[in-house]
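J.: First the structure, which I've put down as structure tokens, then a few questions once you've had a look.
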Amino acid sequence: MEKVITYIDGFNLYFGLKSKGWKKFYWLNIYILCKNLLKPHQKLIKVKYFTSRISEPPEKRKRQTTYIEALETLPNFEIFYGKYQSNKWVCNSCGAETIRRNEKMTDVNIAVELMKDAFYDNFDSALLISADSDLKAPIVAIKEMFPGKRIVVVFPPERKSYELSKIADAYFHISRSKLAKSLFPEEVKKEDGYILKCPDKWK
């Protein structure tokens, strides 16, 4: 069996779903989704999910926390956190100042994990769920250093990168049907018995 590790750019996936207006797919069982993307000769070894915790507004933070706790119940699943950086932004028209928050470190964290897993021979094929063209560099490096490794790019809905599609061994979009088959049940039970419920705004 071919060993597969999946690397998910959490916000790239989220905003792809948001662009389509597919809120009902926010309550996504990432592990099941990854299994549903495999071919019969492949075995899912690990799922690595990359995100950052938001701090506001409170209702969005609560929904994200609920979802992350649901993800933490999954087997062979690891979450890697980046951070948000606040930057001052000035409107060119009126001069008004505001603060904009940008997510940082996700692409670096993904690149590091890809390189480490390739070096330690942890996968035969990697599934990269992202359309971030900044990830071109680690893919090129892995293909040069470990020519036997396959990198398959899986684009979230409404997302695509020409740069990644050019260098990947294969690429495709996540279909609506795969998403529909990969949802958590409405209630998820944690190890301590606590019940997590799908947020009402996601139904």
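Numbering starts fresh at 1 for the residues of each chain in the structure tokens, the chains themselves are lettered A, B, ... in the order given, and ligands are numbered from 1 as they appear.
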Got a sec to tell me which of stretch 64-184 of chain A DSSP assigns to strand (DSSP E or B), as a ChimeraX atom specification?
T.: /A:77-81,83-90,97-104,125-129,150-155,170-173,183
J.: Might you pull out every residue within 12 Å of A:Ile195, with only C-alpha atoms counted and same-chain residues fewer than 2 positions away left off, and present them as an MDAnalysis selection string?
T.: chainID A and resid 66:67 69:70 73 185:193 197:198
J.: Generate a file of the selected residues that holds N, CA, C and O atoms, formatted as a PDB file, in the first residue's frame.
T.:
ATOM      1  N   THR A  66     -15.069  25.415  18.876  1.00  0.00           N
ATOM      2  CA  THR A  66     -15.895  24.201  18.835  1.00  0.00           C
ATOM      3  C   THR A  66     -15.417  23.268  17.734  1.00  0.00           C
ATOM      4  O   THR A  66     -15.294  22.053  17.935  1.00  0.00           O
ATOM      5  N   TYR A  67     -15.130  23.854  16.568  1.00  0.00           N
ATOM      6  CA  TYR A  67     -14.688  23.032  15.436  1.00  0.00           C
ATOM      7  C   TYR A  67     -13.321  22.397  15.706  1.00  0.00           C
ATOM      8  O   TYR A  67     -13.115  21.208  15.432  1.00  0.00           O
ATOM      9  N   GLU A  69     -12.047  21.648  18.567  1.00  0.00           N
ATOM     10  CA  GLU A  69     -12.228  20.576  19.550  1.00  0.00           C
ATOM     11  C   GLU A  69     -12.803  19.318  18.893  1.00  0.00           C
ATOM     12  O   GLU A  69     -12.465  18.196  19.280  1.00  0.00           O
ATOM     13  N   ALA A  70     -13.664  19.503  17.894  1.00  0.00           N
ATOM     14  CA  ALA A  70     -14.186  18.347  17.148  1.00  0.00           C
ATOM     15  C   ALA A  70     -13.052  17.681  16.363  1.00  0.00           C
ATOM     16  O   ALA A  70     -12.945  16.449  16.338  1.00  0.00           O
ATOM     17  N   THR A  73     -10.758  15.205  18.143  1.00  0.00           N
ATOM     18  CA  THR A  73     -11.245  13.844  18.435  1.00  0.00           C
ATOM     19  C   THR A  73     -10.832  12.852  17.351  1.00  0.00           C
ATOM     20  O   THR A  73     -11.038  11.647  17.516  1.00  0.00           O
ATOM     21  N   PRO A 185     -21.112  14.090  12.266  1.00  0.00           N
ATOM     22  CA  PRO A 185     -22.512  14.077  12.691  1.00  0.00           C
ATOM     23  C   PRO A 185     -22.809  15.386  13.411  1.00  0.00           C
ATOM     24  O   PRO A 185     -21.881  16.101  13.833  1.00  0.00           O
ATOM     25  N   GLU A 186     -24.068  15.737  13.587  1.00  0.00           N
ATOM     26  CA  GLU A 186     -24.413  17.021  14.207  1.00  0.00           C
ATOM     27  C   GLU A 186     -23.830  17.143  15.613  1.00  0.00           C
ATOM     28  O   GLU A 186     -23.489  18.238  16.059  1.00  0.00           O
ATOM     29  N   GLU A 187     -23.698  16.023  16.310  1.00  0.00           N
ATOM     30  CA  GLU A 187     -23.099  16.028  17.640  1.00  0.00           C
ATOM     31  C   GLU A 187     -21.843  15.154  17.655  1.00  0.00           C
ATOM     32  O   GLU A 187     -21.860  14.040  17.128  1.00  0.00           O
ATOM     33  N   VAL A 188     -20.773  15.663  18.250  1.00  0.00           N
ATOM     34  CA  VAL A 188     -19.505  14.939  18.355  1.00  0.00           C
ATOM     35  C   VAL A 188     -19.157  14.803  19.839  1.00  0.00           C
ATOM     36  O   VAL A 188     -19.132  15.806  20.570  1.00  0.00           O
ATOM     37  N   LYS A 189     -18.893  13.584  20.268  1.00  0.00           N
ATOM     38  CA  LYS A 189     -18.600  13.339  21.676  1.00  0.00           C
ATOM     39  C   LYS A 189     -17.094  13.338  21.928  1.00  0.00           C
ATOM     40  O   LYS A 189     -16.350  12.593  21.289  1.00  0.00           O
ATOM     41  N   LYS A 190     -16.661  14.162  22.869  1.00  0.00           N
ATOM     42  CA  LYS A 190     -15.248  14.196  23.239  1.00  0.00           C
ATOM     43  C   LYS A 190     -14.924  13.032  24.175  1.00  0.00           C
ATOM     44  O   LYS A 190     -15.816  12.367  24.711  1.00  0.00           O
ATOM     45  N   GLU A 191     -13.632  12.825  24.387  1.00  0.00           N
ATOM     46  CA  GLU A 191     -13.193  11.715  25.227  1.00  0.00           C
ATOM     47  C   GLU A 191     -13.727  11.827  26.656  1.00  0.00           C
ATOM     48  O   GLU A 191     -13.997  10.825  27.320  1.00  0.00           O
ATOM     49  N   ASP A 192     -13.899  13.065  27.143  1.00  0.00           N
ATOM     50  CA  ASP A 192     -14.396  13.264  28.508  1.00  0.00           C
ATOM     51  C   ASP A 192     -15.919  13.220  28.596  1.00  0.00           C
ATOM     52  O   ASP A 192     -16.500  13.462  29.655  1.00  0.00           O
ATOM     53  N   GLY A 193     -16.555  12.934  27.449  1.00  0.00           N
ATOM     54  CA  GLY A 193     -18.005  12.823  27.431  1.00  0.00           C
ATOM     55  C   GLY A 193     -18.733  14.091  27.021  1.00  0.00           C
ATOM     56  O   GLY A 193     -19.951  14.064  26.787  1.00  0.00           O
ATOM     57  N   LYS A 197     -21.601  20.460  19.503  1.00  0.00           N
ATOM     58  CA  LYS A 197     -22.688  20.548  18.535  1.00  0.00           C
ATOM     59  C   LYS A 197     -22.309  21.465  17.380  1.00  0.00           C
ATOM     60  O   LYS A 197     -21.665  22.494  17.579  1.00  0.00           O
ATOM     61  N   CYS A 198     -22.725  21.084  16.194  1.00  0.00           N
ATOM     62  CA  CYS A 198     -22.487  21.926  15.017  1.00  0.00           C
ATOM     63  C   CYS A 198     -23.115  23.302  15.257  1.00  0.00           C
ATOM     64  O   CYS A 198     -24.294  23.386  15.617  1.00  0.00           O
TER      65      CYS A 198
END
J.: Please provide the set of residues having any atom within 8 Å of A:Ser182, restricted to only C-alpha atoms, with same-chain residues fewer than 3 positions apart removed, written as a PyMOL selection string.
T.: chain A and resi 28-30+32-33+36+178-179
J.: Would you export the selected residues with N, CA and C atoms as a PDB file, in the first residue's frame, please?
T.:
ATOM      1  N   LEU A  28     -16.797  20.091   8.770  1.00  0.00           N
ATOM      2  CA  LEU A  28     -16.186  19.075   7.921  1.00  0.00           C
ATOM      3  C   LEU A  28     -15.274  18.149   8.728  1.00  0.00           C
ATOM      4  N   ASN A  29     -15.488  16.858   8.559  1.00  0.00           N
ATOM      5  CA  ASN A  29     -14.592  15.870   9.159  1.00  0.00           C
ATOM      6  C   ASN A  29     -13.401  15.718   8.215  1.00  0.00           C
ATOM      7  N   ILE A  30     -12.320  16.407   8.539  1.00  0.00           N
ATOM      8  CA  ILE A  30     -11.168  16.469   7.652  1.00  0.00           C
ATOM      9  C   ILE A  30     -10.560  15.083   7.409  1.00  0.00           C
ATOM     10  N   ILE A  32     -12.051  12.123   7.403  1.00  0.00           N
ATOM     11  CA  ILE A  32     -12.898  11.367   6.465  1.00  0.00           C
ATOM     12  C   ILE A  32     -12.761  11.934   5.052  1.00  0.00           C
ATOM     13  N   LEU A  33     -12.696  13.264   4.946  1.00  0.00           N
ATOM     14  CA  LEU A  33     -12.492  13.876   3.631  1.00  0.00           C
ATOM     15  C   LEU A  33     -11.218  13.345   2.996  1.00  0.00           C
ATOM     16  N   ASN A  36     -11.589   9.922   1.767  1.00  0.00           N
ATOM     17  CA  ASN A  36     -12.426   9.897   0.569  1.00  0.00           C
ATOM     18  C   ASN A  36     -11.696  10.365  -0.686  1.00  0.00           C
ATOM     19  N   LYS A 178     -17.694  14.952  -2.613  1.00  0.00           N
ATOM     20  CA  LYS A 178     -16.740  14.482  -1.608  1.00  0.00           C
ATOM     21  C   LYS A 178     -16.963  15.205  -0.284  1.00  0.00           C
ATOM     22  N   LEU A 179     -17.224  16.501  -0.359  1.00  0.00           N
ATOM     23  CA  LEU A 179     -17.499  17.275   0.850  1.00  0.00           C
ATOM     24  C   LEU A 179     -18.768  16.777   1.542  1.00  0.00           C
TER      25      LEU A 179
END
J.: At a cut-off of 10 Å, using only C-alpha atoms, what residues contact A:Ser55? Leave out same-chain residues fewer than 5 positions from it and give the result as a PyMOL selection string.
T.: chain A and resi 60-62+64+84
J.: Take the residues that were just selected and, keeping all heavy atoms, output them as a CSV table (one decimal), in the first residue's frame.
T.:
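Below you can see part-v6.csv, which holds the result:
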chain,number,residue,atom,x,y,z
A,60,LYS,N,-17.4,34.3,16.4
A,60,LYS,CA,-16.6,33.5,15.5
A,60,LYS,C,-15.5,32.7,16.2
A,60,LYS,O,-15.3,31.6,15.8
A,60,LYS,CB,-15.9,34.4,14.4
A,60,LYS,CG,-16.9,35.0,13.4
A,60,LYS,CD,-16.2,35.7,12.3
A,60,LYS,CE,-17.1,36.1,11.2
A,60,LYS,NZ,-16.4,36.8,10.1
A,61,ARG,N,-14.9,33.3,17.2
A,61,ARG,CA,-13.9,32.5,18.0
A,61,ARG,C,-14.6,31.3,18.6
A,61,ARG,O,-13.9,30.2,18.6
A,61,ARG,CB,-13.4,33.5,19.1
A,61,ARG,CG,-12.3,32.8,19.9
A,61,ARG,CD,-11.8,33.7,21.0
A,61,ARG,NE,-12.9,34.0,21.9
A,61,ARG,CZ,-12.9,35.1,22.7
A,61,ARG,NH1,-12.0,36.1,22.6
A,61,ARG,NH2,-13.9,35.3,23.5
A,62,LYS,N,-15.8,31.4,19.1
A,62,LYS,CA,-16.5,30.3,19.8
A,62,LYS,C,-16.7,29.2,18.8
A,62,LYS,O,-16.5,28.0,19.0
A,62,LYS,CB,-17.8,30.8,20.4
A,62,LYS,CG,-18.5,29.7,21.2
A,62,LYS,CD,-19.8,30.2,21.8
A,62,LYS,CE,-20.5,29.0,22.5
A,62,LYS,NZ,-21.8,29.5,23.2
A,64,GLN,N,-15.1,28.6,16.0
A,64,GLN,CA,-13.8,28.0,15.6
A,64,GLN,C,-13.3,27.1,16.7
A,64,GLN,O,-12.8,26.0,16.4
A,64,GLN,CB,-12.7,29.1,15.3
A,64,GLN,CG,-11.4,28.5,14.8
A,64,GLN,CD,-10.2,29.4,14.9
A,64,GLN,OE1,-10.0,30.0,15.9
A,64,GLN,NE2,-9.4,29.4,13.9
A,84,TYR,N,-1.8,35.4,14.1
A,84,TYR,CA,-2.3,36.6,13.4
A,84,TYR,C,-1.4,37.8,13.7
A,84,TYR,O,-1.0,38.0,14.9
A,84,TYR,CB,-3.7,36.9,13.8
A,84,TYR,CG,-4.7,36.2,13.0
A,84,TYR,CD1,-5.3,35.0,13.4
A,84,TYR,CD2,-5.1,36.7,11.7
A,84,TYR,CE1,-6.2,34.3,12.6
A,84,TYR,CE2,-6.0,36.0,10.9
A,84,TYR,CZ,-6.6,34.8,11.4
A,84,TYR,OH,-7.5,34.1,10.6
J.: With a distance cut-off of 9 Å and only C-alpha atoms, select the neighbouring residues of A:Ile139, excluding the residue or stretch itself and same-chain residues fewer than 5 positions from it, and output the selection as a VMD selection string.
T.: chain A and resid 111 114 to 115 144 151 164 167 to 168
J.: Could you write out the selected residues, including all heavy atoms, as a PDB file, in the first residue's frame?
T.:
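The resulting file, selection.pdb, is shown below:
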ATOM      1  N   ALA A 111       5.517  23.883   4.747  1.00  0.00           N
ATOM      2  CA  ALA A 111       6.787  23.583   4.058  1.00  0.00           C
ATOM      3  C   ALA A 111       7.705  22.754   4.944  1.00  0.00           C
ATOM      4  O   ALA A 111       8.318  21.775   4.485  1.00  0.00           O
ATOM      5  CB  ALA A 111       7.473  24.887   3.644  1.00  0.00           C
ATOM      6  N   LEU A 114       6.325  19.142   5.280  1.00  0.00           N
ATOM      7  CA  LEU A 114       6.529  18.420   4.020  1.00  0.00           C
ATOM      8  C   LEU A 114       7.972  17.945   3.890  1.00  0.00           C
ATOM      9  O   LEU A 114       8.233  16.776   3.559  1.00  0.00           O
ATOM     10  CB  LEU A 114       6.175  19.322   2.832  1.00  0.00           C
ATOM     11  CG  LEU A 114       4.740  19.355   2.336  1.00  0.00           C
ATOM     12  CD1 LEU A 114       4.549  20.514   1.365  1.00  0.00           C
ATOM     13  CD2 LEU A 114       4.363  18.044   1.658  1.00  0.00           C
ATOM     14  N   MET A 115       8.911  18.855   4.148  1.00  0.00           N
ATOM     15  CA  MET A 115      10.328  18.522   4.005  1.00  0.00           C
ATOM     16  C   MET A 115      10.752  17.460   5.023  1.00  0.00           C
ATOM     17  O   MET A 115      11.472  16.513   4.693  1.00  0.00           O
ATOM     18  CB  MET A 115      11.186  19.780   4.169  1.00  0.00           C
ATOM     19  CG  MET A 115      11.021  20.822   3.068  1.00  0.00           C
ATOM     20  SD  MET A 115      11.540  20.219   1.435  1.00  0.00           S
ATOM     21  CE  MET A 115      13.300  19.988   1.692  1.00  0.00           C
ATOM     22  N   GLU A 144      13.284  17.482  -6.342  1.00  0.00           N
ATOM     23  CA  GLU A 144      14.700  17.393  -6.707  1.00  0.00           C
ATOM     24  C   GLU A 144      15.456  16.421  -5.801  1.00  0.00           C
ATOM     25  O   GLU A 144      16.266  15.626  -6.264  1.00  0.00           O
ATOM     26  CB  GLU A 144      15.346  18.779  -6.619  1.00  0.00           C
ATOM     27  CG  GLU A 144      14.928  19.725  -7.740  1.00  0.00           C
ATOM     28  CD  GLU A 144      15.550  21.101  -7.584  1.00  0.00           C
ATOM     29  OE1 GLU A 144      16.239  21.335  -6.555  1.00  0.00           O
ATOM     30  OE2 GLU A 144      15.340  21.951  -8.463  1.00  0.00           O
ATOM     31  N   ILE A 151       3.821  14.434  -5.180  1.00  0.00           N
ATOM     32  CA  ILE A 151       3.082  15.525  -4.537  1.00  0.00           C
ATOM     33  C   ILE A 151       1.841  15.800  -5.386  1.00  0.00           C
ATOM     34  O   ILE A 151       1.953  16.184  -6.553  1.00  0.00           O
ATOM     35  CB  ILE A 151       3.919  16.815  -4.427  1.00  0.00           C
ATOM     36  CG1 ILE A 151       5.285  16.541  -3.782  1.00  0.00           C
ATOM     37  CG2 ILE A 151       3.142  17.874  -3.648  1.00  0.00           C
ATOM     38  CD1 ILE A 151       5.268  16.244  -2.325  1.00  0.00           C
ATOM     39  N   LEU A 164       1.299  25.975  -8.794  1.00  0.00           N
ATOM     40  CA  LEU A 164       1.281  24.654  -8.174  1.00  0.00           C
ATOM     41  C   LEU A 164       0.863  23.567  -9.160  1.00  0.00           C
ATOM     42  O   LEU A 164       1.420  22.468  -9.161  1.00  0.00           O
ATOM     43  CB  LEU A 164       0.339  24.644  -6.959  1.00  0.00           C
ATOM     44  CG  LEU A 164       0.728  25.528  -5.776  1.00  0.00           C
ATOM     45  CD1 LEU A 164      -0.227  25.288  -4.604  1.00  0.00           C
ATOM     46  CD2 LEU A 164       2.169  25.292  -5.337  1.00  0.00           C
ATOM     47  N   ILE A 167       3.805  22.244 -11.322  1.00  0.00           N
ATOM     48  CA  ILE A 167       4.899  21.445 -10.767  1.00  0.00           C
ATOM     49  C   ILE A 167       4.441  20.186 -10.036  1.00  0.00           C
ATOM     50  O   ILE A 167       5.242  19.301  -9.761  1.00  0.00           O
ATOM     51  CB  ILE A 167       5.767  22.281  -9.804  1.00  0.00           C
ATOM     52  CG1 ILE A 167       4.913  22.817  -8.651  1.00  0.00           C
ATOM     53  CG2 ILE A 167       6.455  23.409 -10.537  1.00  0.00           C
ATOM     54  CD1 ILE A 167       5.725  23.429  -7.539  1.00  0.00           C
ATOM     55  N   ALA A 168       3.151  20.090  -9.710  1.00  0.00           N
ATOM     56  CA  ALA A 168       2.649  18.918  -8.988  1.00  0.00           C
ATOM     57  C   ALA A 168       2.627  17.698  -9.900  1.00  0.00           C
ATOM     58  O   ALA A 168       2.542  17.825 -11.133  1.00  0.00           O
ATOM     59  CB  ALA A 168       1.254  19.201  -8.451  1.00  0.00           C
TER      60      ALA A 168
END
J.: Do you have the atom CA of A:Asp9-atom CA of A:Ile110 distance handy?
T.: 7.8 Å
J.: Which residues come within 7 Å of A:Tyr171, counting only C-alpha atoms, excluding same-chain residues fewer than 4 positions away, as a list in words?
T.: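 Result of the neighbour search: Val152, Val153, Val154 and Ser165 of chain A.
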